[in-house]
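Below is the file structure_20.cif, which contains mmCIF, C-alpha atoms.
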```cif
data_query
loop_
_atom_site.label_atom_id
_atom_site.label_comp_id
_atom_site.auth_asym_id
_atom_site.auth_seq_id
_atom_site.Cartn_x
_atom_site.Cartn_y
_atom_site.Cartn_z
CA MET A 1 39.14 -59.69 37.88
CA PRO A 2 42.67 -60.66 39.00
CA LYS A 3 43.94 -57.35 37.58
CA ARG A 4 41.42 -55.36 39.65
CA VAL A 5 42.53 -57.22 42.78
CA ASP A 6 46.13 -56.31 42.01
CA VAL A 7 45.23 -52.67 41.56
CA ASP A 8 43.41 -52.55 44.89
CA ALA A 9 46.23 -54.37 46.67
CA ARG A 10 48.81 -51.97 45.26
CA ARG A 11 46.71 -48.94 46.21
CA ARG A 12 46.41 -50.28 49.75
CA GLU A 13 50.19 -50.81 49.97
CA ILE A 14 50.81 -47.23 48.90
CA ALA A 15 48.14 -46.01 51.35
CA ASP A 16 49.79 -47.97 54.17
CA ALA A 17 53.10 -46.25 53.35
CA LEU A 18 51.39 -42.85 53.43
CA LEU A 19 49.72 -43.66 56.78
CA ARG A 20 53.06 -44.71 58.31
CA LEU A 21 54.62 -41.42 57.22
CA ALA A 22 51.63 -39.40 58.44
CA ALA A 23 51.81 -41.07 61.88
CA THR A 24 55.55 -40.46 62.30
CA GLU A 25 56.20 -37.19 60.46
CA GLY A 26 52.82 -35.59 59.87
CA LEU A 27 51.60 -34.64 56.41
CA GLU A 28 53.15 -31.20 56.01
CA SER A 29 56.48 -32.37 54.65
CA VAL A 30 55.29 -35.61 53.00
CA SER A 31 55.71 -35.61 49.21
CA LEU A 32 54.88 -38.15 46.51
CA ARG A 33 58.62 -38.93 46.49
CA HIS A 34 58.56 -39.84 50.22
CA VAL A 35 55.49 -42.01 49.81
CA ALA A 36 57.02 -43.83 46.82
CA ALA A 37 60.26 -44.46 48.74
CA GLU A 38 58.37 -45.70 51.84
CA ALA A 39 56.21 -48.01 49.68
CA GLY A 40 59.24 -49.26 47.73
CA VAL A 41 57.80 -48.24 44.35
CA SER A 42 58.62 -45.59 41.76
CA MET A 43 57.05 -42.13 41.77
CA GLY A 44 55.58 -43.07 38.39
CA ALA A 45 53.85 -46.04 40.02
CA VAL A 46 52.30 -43.82 42.70
CA GLN A 47 51.07 -41.45 40.00
CA HIS A 48 49.69 -44.40 38.08
CA TYR A 49 47.61 -45.62 41.00
CA PHE A 50 46.43 -42.20 42.20
CA ARG A 51 45.48 -39.36 39.90
CA THR A 52 46.23 -36.65 42.47
CA LYS A 53 47.70 -36.28 45.94
CA ASP A 54 44.21 -35.48 47.28
CA ASP A 55 42.93 -38.70 45.70
CA MET A 56 45.68 -40.60 47.55
CA LEU A 57 44.97 -38.84 50.87
CA ARG A 58 41.25 -39.55 50.63
CA PHE A 59 41.84 -43.22 49.76
CA ALA A 60 44.31 -43.56 52.67
CA LEU A 61 41.72 -42.18 55.12
CA GLU A 62 39.06 -44.60 53.83
CA HIS A 63 41.55 -47.46 53.95
CA GLN A 64 42.39 -46.62 57.56
CA ALA A 65 38.69 -46.48 58.51
CA ARG A 66 38.13 -49.92 56.92
CA ARG A 67 41.11 -51.40 58.77
CA ARG A 68 39.78 -50.04 62.08
CA GLU A 69 36.32 -51.42 61.32
CA GLN A 70 37.84 -54.83 60.63
CA ARG A 71 39.67 -54.76 63.96
CA ILE A 72 36.43 -53.88 65.77
CA VAL A 73 34.51 -56.67 64.02
CA ALA A 74 37.32 -59.14 64.79
CA ARG A 75 37.18 -58.26 68.51
CA LEU A 76 33.39 -58.49 68.59
CA THR A 77 33.22 -61.87 66.84
CA ALA A 78 36.02 -63.35 68.98
CA ALA A 79 33.46 -63.90 71.76
CA GLY A 80 31.66 -66.47 69.57
CA ARG A 81 28.17 -65.05 70.25
CA PRO A 82 26.27 -62.00 69.05
CA PRO A 83 27.60 -58.90 70.85
CA THR A 84 25.29 -56.67 72.89
CA VAL A 85 24.82 -53.01 71.91
CA ARG A 86 26.92 -52.02 74.89
CA GLU A 87 29.74 -54.30 73.71
CA ILE A 88 29.53 -52.92 70.17
CA ILE A 89 29.75 -49.34 71.40
CA ARG A 90 32.43 -49.99 74.03
CA THR A 91 34.62 -51.90 71.58
CA SER A 92 34.25 -49.13 68.98
CA LEU A 93 35.14 -46.43 71.52
CA LEU A 94 38.12 -48.31 72.94
CA GLU A 95 39.48 -48.96 69.45
CA VAL A 96 39.59 -45.18 68.93
CA LEU A 97 41.56 -44.52 72.13
CA PRO A 98 45.34 -44.85 71.64
CA THR A 99 45.89 -47.87 73.89
CA ASP A 100 48.35 -49.79 71.68
CA ASP A 101 50.75 -49.10 68.80
CA GLU A 102 48.09 -49.54 66.13
CA SER A 103 45.42 -47.30 67.66
CA ARG A 104 48.08 -44.74 68.61
CA ALA A 105 49.37 -44.60 65.02
CA ASP A 106 45.77 -44.27 63.81
CA TRP A 107 45.15 -41.29 66.07
CA LEU A 108 48.41 -39.62 65.05
CA VAL A 109 47.31 -40.01 61.42
CA GLY A 110 44.01 -38.36 62.35
CA ILE A 111 45.89 -35.43 63.88
CA ALA A 112 48.11 -35.13 60.79
CA PHE A 113 44.99 -34.91 58.59
CA PHE A 114 43.40 -32.46 61.03
CA ILE A 115 46.45 -30.18 60.88
CA ARG A 116 46.29 -30.26 57.09
CA ALA A 117 42.54 -29.56 57.17
CA MET A 118 43.13 -26.39 59.19
CA ARG A 119 44.80 -24.88 56.09
CA ASP A 120 43.02 -26.86 53.35
CA PRO A 121 39.22 -26.52 53.00
CA ALA A 122 39.01 -29.51 50.60
CA MET A 123 40.63 -31.74 53.23
CA ALA A 124 38.37 -30.26 55.92
CA GLU A 125 35.38 -31.34 53.81
CA VAL A 126 36.70 -34.90 53.52
CA LEU A 127 37.42 -35.09 57.26
CA ALA A 128 33.99 -33.66 58.08
CA GLU A 129 32.39 -36.83 56.70
CA GLY A 130 33.90 -39.07 59.36
CA VAL A 131 32.37 -38.03 62.68
CA PRO A 132 28.73 -37.84 61.51
CA GLN A 133 29.07 -41.45 60.30
CA VAL A 134 30.29 -42.59 63.74
CA VAL A 135 27.65 -40.51 65.54
CA GLY A 136 24.97 -41.85 63.19
CA PHE A 137 26.03 -45.44 63.87
CA PHE A 138 26.01 -44.90 67.66
CA THR A 139 22.64 -43.13 67.48
CA GLU A 140 21.14 -46.09 65.64
CA GLN A 141 22.61 -48.61 68.07
CA LEU A 142 21.47 -46.61 71.11
CA GLY A 143 18.00 -46.22 69.59
CA ALA A 144 17.73 -50.01 69.34
CA ALA A 145 19.00 -50.39 72.93
CA GLN A 146 16.46 -47.83 74.10
CA ALA A 147 13.63 -49.72 72.36
CA ASP A 148 14.78 -52.81 74.28
CA GLY A 149 14.65 -50.91 77.57
CA LEU A 150 18.41 -51.07 78.11
CA LEU A 151 19.07 -47.33 78.58
CA ALA A 152 18.57 -44.97 81.51
CA PRO A 153 15.14 -43.29 81.37
CA GLY A 154 14.73 -40.22 79.21
CA VAL A 155 18.09 -40.22 77.43
CA ASP A 156 18.40 -38.95 73.85
CA PRO A 157 20.28 -41.43 71.63
CA TYR A 158 21.64 -38.71 69.32
CA GLN A 159 22.93 -36.48 72.14
CA GLU A 160 24.43 -39.50 73.89
CA ALA A 161 26.16 -40.49 70.64
CA VAL A 162 27.70 -37.01 70.34
CA LEU A 163 28.85 -37.13 73.98
CA LEU A 164 30.35 -40.62 73.63
CA TRP A 165 32.30 -39.52 70.57
CA SER A 166 33.46 -36.36 72.38
CA ALA A 167 34.67 -38.42 75.33
CA VAL A 168 37.05 -40.48 73.19
CA ASP A 169 37.94 -37.68 70.75
CA SER A 170 39.12 -35.35 73.50
CA GLN A 171 40.84 -38.01 75.60
CA ALA A 172 42.59 -39.62 72.60
CA THR A 173 44.39 -36.37 71.83
CA ALA A 174 45.26 -35.91 75.51
CA ILE A 175 46.77 -39.42 75.51
CA VAL A 176 49.09 -38.80 72.54
CA LEU A 177 50.17 -35.50 74.12
CA GLY A 178 51.08 -37.43 77.27
CA GLU A 179 48.45 -35.54 79.28
CA ARG A 180 46.24 -38.50 80.07
CA ASP A 181 46.81 -42.12 80.97
CA PRO A 182 45.10 -44.61 78.58
CA GLY A 183 43.77 -46.67 81.52
CA ASP A 184 42.18 -43.56 83.05
CA ALA A 185 40.53 -42.77 79.70
CA VAL A 186 39.06 -46.29 79.52
CA ALA A 187 37.79 -45.90 83.10
CA THR A 188 36.01 -42.67 82.12
CA VAL A 189 34.36 -44.38 79.13
CA ASP A 190 33.19 -47.26 81.35
CA TYR A 191 31.90 -44.82 83.95
CA TYR A 192 29.82 -43.11 81.28
CA LEU A 193 28.49 -46.37 79.84
CA ASP A 194 27.46 -47.39 83.36
CA ARG A 195 25.45 -44.15 83.64
CA LEU A 196 23.89 -44.66 80.20
CA PHE A 197 22.97 -48.33 80.29
CA VAL A 198 20.73 -49.69 83.03
CA ILE A 199 21.56 -53.26 81.99
CA MET B 200 55.40 0.60 91.26
CA PRO B 201 54.46 2.58 88.13
CA LYS B 202 57.43 1.04 86.33
CA ARG B 203 56.25 -2.49 87.17
CA VAL B 204 52.79 -1.64 85.86
CA ASP B 205 54.34 -0.40 82.62
CA VAL B 206 56.35 -3.58 82.22
CA ASP B 207 53.28 -5.75 82.70
CA ALA B 208 51.20 -3.62 80.33
CA ARG B 209 53.88 -3.83 77.65
CA ARG B 210 54.23 -7.59 78.09
CA ARG B 211 50.47 -7.95 77.70
CA GLU B 212 50.48 -5.82 74.52
CA ILE B 213 53.17 -8.03 73.00
CA ALA B 214 51.29 -11.15 74.11
CA ASP B 215 48.10 -9.82 72.50
CA ALA B 216 50.02 -9.36 69.24
CA LEU B 217 51.34 -12.92 69.46
CA LEU B 218 47.84 -14.27 70.15
CA ARG B 219 46.40 -12.41 67.13
CA LEU B 220 49.09 -13.93 64.90
CA ALA B 221 48.61 -17.41 66.39
CA ALA B 222 44.85 -17.25 65.73
CA THR B 223 45.22 -16.13 62.11
CA GLU B 224 48.44 -17.77 60.94
CA GLY B 225 49.30 -20.44 63.49
CA LEU B 226 52.62 -20.51 65.32
CA GLU B 227 54.77 -22.41 62.83
CA SER B 228 55.81 -19.41 60.78
CA VAL B 229 55.60 -16.76 63.53
CA SER B 230 58.97 -15.18 64.38
CA LEU B 231 60.02 -12.53 66.90
CA ARG B 232 60.14 -10.15 63.92
CA HIS B 233 56.45 -10.81 63.12
CA VAL B 234 55.42 -10.35 66.73
CA ALA B 235 57.36 -7.08 67.00
CA ALA B 236 55.77 -5.75 63.79
CA GLU B 237 52.26 -6.78 64.91
CA ALA B 238 52.79 -5.15 68.32
CA GLY B 239 54.29 -2.01 66.75
CA VAL B 240 57.54 -2.27 68.73
CA SER B 241 61.15 -3.07 67.87
CA MET B 242 62.57 -6.59 67.99
CA GLY B 243 64.90 -5.31 70.70
CA ALA B 244 61.87 -4.32 72.78
CA VAL B 245 60.37 -7.81 72.45
CA GLN B 246 63.69 -9.30 73.52
CA HIS B 247 63.84 -6.86 76.41
CA TYR B 248 60.43 -7.93 77.75
CA PHE B 249 60.85 -11.69 77.15
CA ARG B 250 64.09 -13.57 77.67
CA THR B 251 63.20 -16.34 75.22
CA LYS B 252 60.52 -17.21 72.68
CA ASP B 253 59.29 -19.97 75.01
CA ASP B 254 59.00 -17.41 77.81
CA MET B 255 56.85 -15.27 75.51
CA LEU B 256 54.67 -18.22 74.43
CA ARG B 257 54.07 -19.30 78.01
CA PHE B 258 53.20 -15.76 79.11
CA ALA B 259 50.80 -15.40 76.16
CA LEU B 260 48.99 -18.61 77.13
CA GLU B 261 48.64 -17.46 80.74
CA HIS B 262 47.50 -14.03 79.57
CA GLN B 263 44.85 -15.62 77.38
CA ALA B 264 43.63 -17.82 80.27
CA ARG B 265 43.34 -14.74 82.52
CA ARG B 266 41.39 -12.83 79.85
CA ARG B 267 38.98 -15.76 79.46
CA GLU B 268 38.56 -16.00 83.23
CA GLN B 269 37.75 -12.29 83.37
CA ARG B 270 35.09 -12.71 80.67
CA ILE B 271 33.53 -15.61 82.61
CA VAL B 272 33.51 -13.63 85.86
CA ALA B 273 32.01 -10.60 84.06
CA ARG B 274 29.17 -12.74 82.68
CA LEU B 275 28.52 -14.36 86.05
CA THR B 276 28.44 -11.09 87.99
CA ALA B 277 26.21 -9.39 85.40
CA ALA B 278 23.20 -11.14 86.96
CA GLY B 279 23.69 -9.14 90.15
CA ARG B 280 23.31 -12.15 92.49
CA PRO B 281 25.58 -15.06 93.42
CA PRO B 282 25.64 -17.59 90.53
CA THR B 283 24.62 -21.21 91.09
CA VAL B 284 27.14 -24.00 90.48
CA ARG B 285 25.25 -24.91 87.33
CA GLU B 286 25.56 -21.32 86.09
CA ILE B 287 29.28 -21.23 86.90
CA ILE B 288 29.92 -24.46 85.00
CA ARG B 289 27.63 -23.65 82.05
CA THR B 290 29.16 -20.18 81.62
CA SER B 291 32.69 -21.62 81.76
CA LEU B 292 31.83 -24.32 79.18
CA LEU B 293 30.08 -21.92 76.82
CA GLU B 294 32.99 -19.49 76.98
CA VAL B 295 35.25 -22.27 75.66
CA LEU B 296 32.99 -23.05 72.68
CA PRO B 297 33.74 -20.82 69.65
CA THR B 298 30.42 -18.99 69.55
CA ASP B 299 31.74 -15.45 68.81
CA ASP B 300 34.88 -13.83 67.38
CA GLU B 301 36.69 -13.76 70.71
CA SER B 302 36.07 -17.37 71.74
CA ARG B 303 36.77 -18.51 68.17
CA ALA B 304 40.14 -16.70 68.16
CA ASP B 305 40.91 -18.24 71.56
CA TRP B 306 40.26 -21.74 70.30
CA LEU B 307 42.34 -21.17 67.17
CA VAL B 308 45.19 -20.04 69.43
CA GLY B 309 44.76 -23.26 71.41
CA ILE B 310 45.02 -25.29 68.20
CA ALA B 311 48.14 -23.36 67.16
CA PHE B 312 49.78 -24.21 70.50
CA PHE B 313 48.59 -27.81 70.21
CA ILE B 314 50.17 -28.15 66.75
CA ARG B 315 53.43 -26.78 68.14
CA ALA B 316 53.22 -29.13 71.14
CA MET B 317 53.01 -32.14 68.82
CA ARG B 318 56.65 -31.42 67.81
CA ASP B 319 57.88 -29.67 70.96
CA PRO B 320 57.88 -31.60 74.26
CA ALA B 321 58.56 -28.43 76.30
CA MET B 322 55.41 -26.83 74.86
CA ALA B 323 53.48 -30.07 75.43
CA GLU B 324 54.44 -29.83 79.12
CA VAL B 325 53.18 -26.25 79.37
CA LEU B 326 49.91 -27.13 77.60
CA ALA B 327 49.45 -30.19 79.83
CA GLU B 328 48.98 -27.89 82.83
CA GLY B 329 45.78 -26.35 81.46
CA VAL B 330 43.18 -29.13 81.36
CA PRO B 331 43.85 -30.56 84.85
CA GLN B 332 43.24 -27.06 86.25
CA VAL B 333 39.86 -26.83 84.51
CA VAL B 334 38.93 -30.39 85.47
CA GLY B 335 40.03 -29.72 89.06
CA PHE B 336 37.88 -26.60 89.24
CA PHE B 337 34.82 -28.41 87.82
CA THR B 338 35.39 -31.35 90.19
CA GLU B 339 35.43 -29.01 93.18
CA GLN B 340 32.30 -27.18 92.03
CA LEU B 341 30.44 -30.43 91.33
CA GLY B 342 31.53 -31.83 94.70
CA ALA B 343 29.93 -28.82 96.39
CA ALA B 344 26.78 -29.23 94.29
CA GLN B 345 26.64 -32.90 95.21
CA ALA B 346 26.92 -32.08 98.92
CA ASP B 347 23.93 -29.76 98.44
CA GLY B 348 21.95 -32.56 96.80
CA LEU B 349 21.85 -30.86 93.39
CA LEU B 350 23.27 -33.71 91.31
CA ALA B 351 21.77 -36.92 89.95
CA PRO B 352 22.26 -39.82 92.38
CA GLY B 353 25.55 -41.70 92.31
CA VAL B 354 27.51 -39.48 89.94
CA ASP B 355 31.28 -39.04 90.34
CA PRO B 356 32.28 -35.34 90.31
CA TYR B 357 35.75 -36.05 88.86
CA GLN B 358 34.49 -38.26 86.02
CA GLU B 359 31.73 -35.77 85.25
CA ALA B 360 34.32 -32.98 85.14
CA VAL B 361 36.39 -34.95 82.61
CA LEU B 362 33.30 -35.63 80.49
CA LEU B 363 32.14 -32.00 80.57
CA TRP B 364 35.58 -30.84 79.44
CA SER B 365 35.63 -33.50 76.69
CA ALA B 366 32.22 -32.36 75.45
CA VAL B 367 33.43 -28.80 74.81
CA ASP B 368 36.98 -29.74 73.78
CA SER B 369 35.82 -32.06 71.02
CA GLN B 370 32.95 -29.89 69.82
CA ALA B 371 35.02 -26.67 69.83
CA THR B 372 37.44 -28.15 67.32
CA ALA B 373 34.55 -29.47 65.21
CA ILE B 374 33.09 -25.94 65.18
CA VAL B 375 36.26 -24.25 63.88
CA LEU B 376 36.57 -26.98 61.22
CA GLY B 377 33.02 -26.14 60.12
CA GLU B 378 31.81 -29.64 61.08
CA ARG B 379 29.47 -28.58 63.85
CA ASP B 380 27.05 -25.75 64.39
CA PRO B 381 27.76 -23.68 67.56
CA GLY B 382 24.07 -23.72 68.53
CA ASP B 383 24.00 -27.54 68.30
CA ALA B 384 27.08 -27.71 70.53
CA VAL B 385 25.41 -25.50 73.14
CA ALA B 386 22.30 -27.73 72.98
CA THR B 387 24.46 -30.80 73.66
CA VAL B 388 26.06 -29.11 76.69
CA ASP B 389 22.62 -28.16 78.04
CA TYR B 390 21.35 -31.68 77.45
CA TYR B 391 24.22 -33.05 79.50
CA LEU B 392 23.79 -30.52 82.31
CA ASP B 393 20.09 -31.50 82.46
CA ARG B 394 21.14 -35.14 82.95
CA LEU B 395 23.72 -34.19 85.58
CA PHE B 396 21.79 -31.71 87.73
CA VAL B 397 18.48 -32.68 89.29
CA ILE B 398 17.83 -29.04 90.22
#
```

What does the file become when written as structure tokens?
Amino acid sequence: MPKRVDVDARRREIADALLRLAATEGLESVSLRHVAAEAGVSMGAVQHYFRTKDDMLRFALEHQARRREQRIVARLTAAGRPPTVREIIRTSLLEVLPTDDESRADWLVGIAFFIRAMRDPAMAEVLAEGVPQVVGFFTEQLGAAQADGLLAPGVDPYQEAVLLWSAVDSQATAIVLGERDPGDAVATVDYYLDRLFVI
Amino acid sequence: MPKRVDVDARRREIADALLRLAATEGLESVSLRHVAAEAGVSMGAVQHYFRTKDDMLRFALEHQARRREQRIVARLTAAGRPPTVREIIRTSLLEVLPTDDESRADWLVGIAFFIRAMRDPAMAEVLAEGVPQVVGFFTEQLGAAQADGLLAPGVDPYQEAVLLWSAVDSQATAIVLGERDPGDAVATVDYYLDRLFVI
């Protein structure tokens, strides 16, 4: 048991190093040697903890998703009462938008993986798993809100979930390119939630 | 006058060659030599028609935007009567989504320029001009539709313009990654237009 914990902790440390490099330099020029140096371990250690580079990349993506989920849960529980569906969805959306160093780094990592996926079908397959999970979660939450009479009449929870994801996906990239102000992006999300929720 | 026409035609031919290369190979490895070979002209000719590589890239982007605009206008005039605002906006949105070879190549070119912009602030500045133009056009059109009582009560034309752009921007990239079906993306756009327009 303690050994397993050590293994997981070491894999997370290496993944954190990879994510830092991906956010600052992209993935194109990142080698095992870079990751080992950034993590402060030997190349042999990296190879010990990850069988292949793809294995490491996939683990790093999952690790990043878990970290983001933990941040969302921490924000939602800080209120000290059960969050509403609207709060759950708004907090999730705002955590995706690059509004601080952490969410900005996360989005830059996403872009680095996207650029790799454009030339690497295996990576495209891994990336393709992410959005349907988010859309599925939003669809479920909106379905519950609809059953409670909280949504505007006649809306489709699945289509609304796709549109909510699109709103942050598109604006997040515009923010890191310097095209869009983060506060304006948040205002657009709130505008849309106001249209969607009647309460 | 004829000379000027020749210059423009030659610049467009070279730009078309650059756009073909950008769509298939990206921009990272594309050199003046590649562009000249693809266009069937000498490197000296390329340098004669464009002072710098940036000049060529900027012209190619503008050329692509004009081509897309012409396709949209051709579709809208095919009906033989003045298009409604809803038709203008729907046709513009659907032309952005990669639903055929031409629109798919266009979006791949956009991604190639985006990838370059991530490492090249001058290119990021050029790219940053595009979306506000589209959003401005949609805002104007929706404002007119609102004045005619065609929109759902209380909507904000500017925010709706941002959301419509986001819906195609995000889904277009998901389509070229193989994450989303083009028909599903069109259905989401139509769903949103149904929510936005009362007529």

**Message:** Restricting the calculation to only C-alpha atoms: of A:Ala9, A:Leu19, A:Leu177, A:Arg33, which residue gets closest to B:Asp319?
**Reply:** A:Leu177

So that I can check the surroundings of A:Leu193, please list as an mmCIF file with C-alpha atoms, keeping the file's coordinate frame every protein, DNA and RNA residue that reaches within 9 Å of it, counting all atoms listed in the file and ignoring chain neighbours fewer than 6 positions away.
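In the end it all went to selection.cif:
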```cif
data_model
loop_
_atom_site.group_PDB
_atom_site.id
_atom_site.type_symbol
_atom_site.label_atom_id
_atom_site.label_comp_id
_atom_site.auth_asym_id
_atom_site.auth_seq_id
_atom_site.Cartn_x
_atom_site.Cartn_y
_atom_site.Cartn_z
ATOM 1 C CA ARG A 86 26.920 -52.020 74.890
ATOM 2 C CA ARG A 90 32.430 -49.990 74.030
ATOM 3 C CA LEU A 164 30.350 -40.620 73.630
#
```

**Request:** Quote the spacing between atom CA of A:Leu151 and atom CA of A:Ile199 in Å to one decimal place.
**Result:** 7.3 Å

**Prompt:** So which residues get picked by the PyMOL selection byres ((chain B) within 10 of (chain A)) here, written as number ranges by chain?
**Reply:** B: 224-225, 307, 310-311, 313-314, 316-318, 320, 323-324, 326-331, 353-355, 357-359, 361-370, 372-373, 375-379, 383-384, 386-388, 390-391, 394

**Request:** For atom CA of A:Arg66 and atom CA of A:Asp148, determine how far apart the two atoms are, in Å to one decimal place.
**Result:** 29.2 Å

Please, what is the axis-aligned box for every listed atom of stretch 11-27 of chain A with 3 Å on each side, as centre and edge lengths in Å to one decimal, as AutoDock Vina command-line options?
```
--center_x 51.3 --center_y -42.7 --center_z 54.3 --size_x 15.8 --size_y 22.2 --size_z 22.1
```

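Take atom CA of A:Pro98 and atom CA of B:Thr338: the distance between them is 25.0 Å.
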
**Test item: which residues lie within 12 Å of (49.2, -43.9, 50.7) counting only C-alpha atoms, as a VMD selection string** = chain A and resid 8 to 23 27 30 to 41 45 to 47 49 to 50 52 to 64 109

**For B:Pro356: contacts at 8 Å, all atoms listed in the file, fewer than 6 positions along chain excluded, given as a PyMOL selection string** = chain B and resi 337-339+341-342+345

Just to be explicit: take each residue in the selection above, keep C-alpha atoms, and write the result as a PDB file, in the frame of the given file.
```pdb
ATOM      1  CA  PHE B 337      34.820 -28.410  87.820  1.00  0.00           C
ATOM      2  CA  THR B 338      35.390 -31.350  90.190  1.00  0.00           C
ATOM      3  CA  GLU B 339      35.430 -29.010  93.180  1.00  0.00           C
ATOM      4  CA  LEU B 341      30.440 -30.430  91.330  1.00  0.00           C
ATOM      5  CA  GLY B 342      31.530 -31.830  94.700  1.00  0.00           C
ATOM      6  CA  GLN B 345      26.640 -32.900  95.210  1.00  0.00           C
TER       7      GLN B 345
END
```

**Request:** Give the answer as one residue: which of A:Gly183, A:Gly44, A:Pro83, A:Gly110 has the shortest atom-to-atom distance to A:Val126, using all atoms listed in the file?
**Result:**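 Checking each candidate against A:Val126, we get A:Gly110 as the closest.
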
Evaluate the PyMOL selection byres ((chain B and resi 270) around 12) here and jot the selected residues down as a PDB file with C-alpha atoms, in the frame of the given file.
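Generated output (out_8.pdb):
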```pdb
ATOM      1  CA  GLN B 263      44.850 -15.620  77.380  1.00  0.00           C
ATOM      2  CA  ALA B 264      43.630 -17.820  80.270  1.00  0.00           C
ATOM      3  CA  ARG B 265      43.340 -14.740  82.520  1.00  0.00           C
ATOM      4  CA  ARG B 266      41.390 -12.830  79.850  1.00  0.00           C
ATOM      5  CA  ARG B 267      38.980 -15.760  79.460  1.00  0.00           C
ATOM      6  CA  GLU B 268      38.560 -16.000  83.230  1.00  0.00           C
ATOM      7  CA  GLN B 269      37.750 -12.290  83.370  1.00  0.00           C
ATOM      8  CA  ILE B 271      33.530 -15.610  82.610  1.00  0.00           C
ATOM      9  CA  VAL B 272      33.510 -13.630  85.860  1.00  0.00           C
ATOM     10  CA  ALA B 273      32.010 -10.600  84.060  1.00  0.00           C
ATOM     11  CA  ARG B 274      29.170 -12.740  82.680  1.00  0.00           C
ATOM     12  CA  LEU B 275      28.520 -14.360  86.050  1.00  0.00           C
ATOM     13  CA  THR B 276      28.440 -11.090  87.990  1.00  0.00           C
ATOM     14  CA  ALA B 277      26.210  -9.390  85.400  1.00  0.00           C
ATOM     15  CA  THR B 290      29.160 -20.180  81.620  1.00  0.00           C
ATOM     16  CA  SER B 291      32.690 -21.620  81.760  1.00  0.00           C
ATOM     17  CA  LEU B 293      30.080 -21.920  76.820  1.00  0.00           C
ATOM     18  CA  GLU B 294      32.990 -19.490  76.980  1.00  0.00           C
ATOM     19  CA  VAL B 295      35.250 -22.270  75.660  1.00  0.00           C
ATOM     20  CA  GLU B 301      36.690 -13.760  70.710  1.00  0.00           C
ATOM     21  CA  SER B 302      36.070 -17.370  71.740  1.00  0.00           C
TER      22      SER B 302
END
```
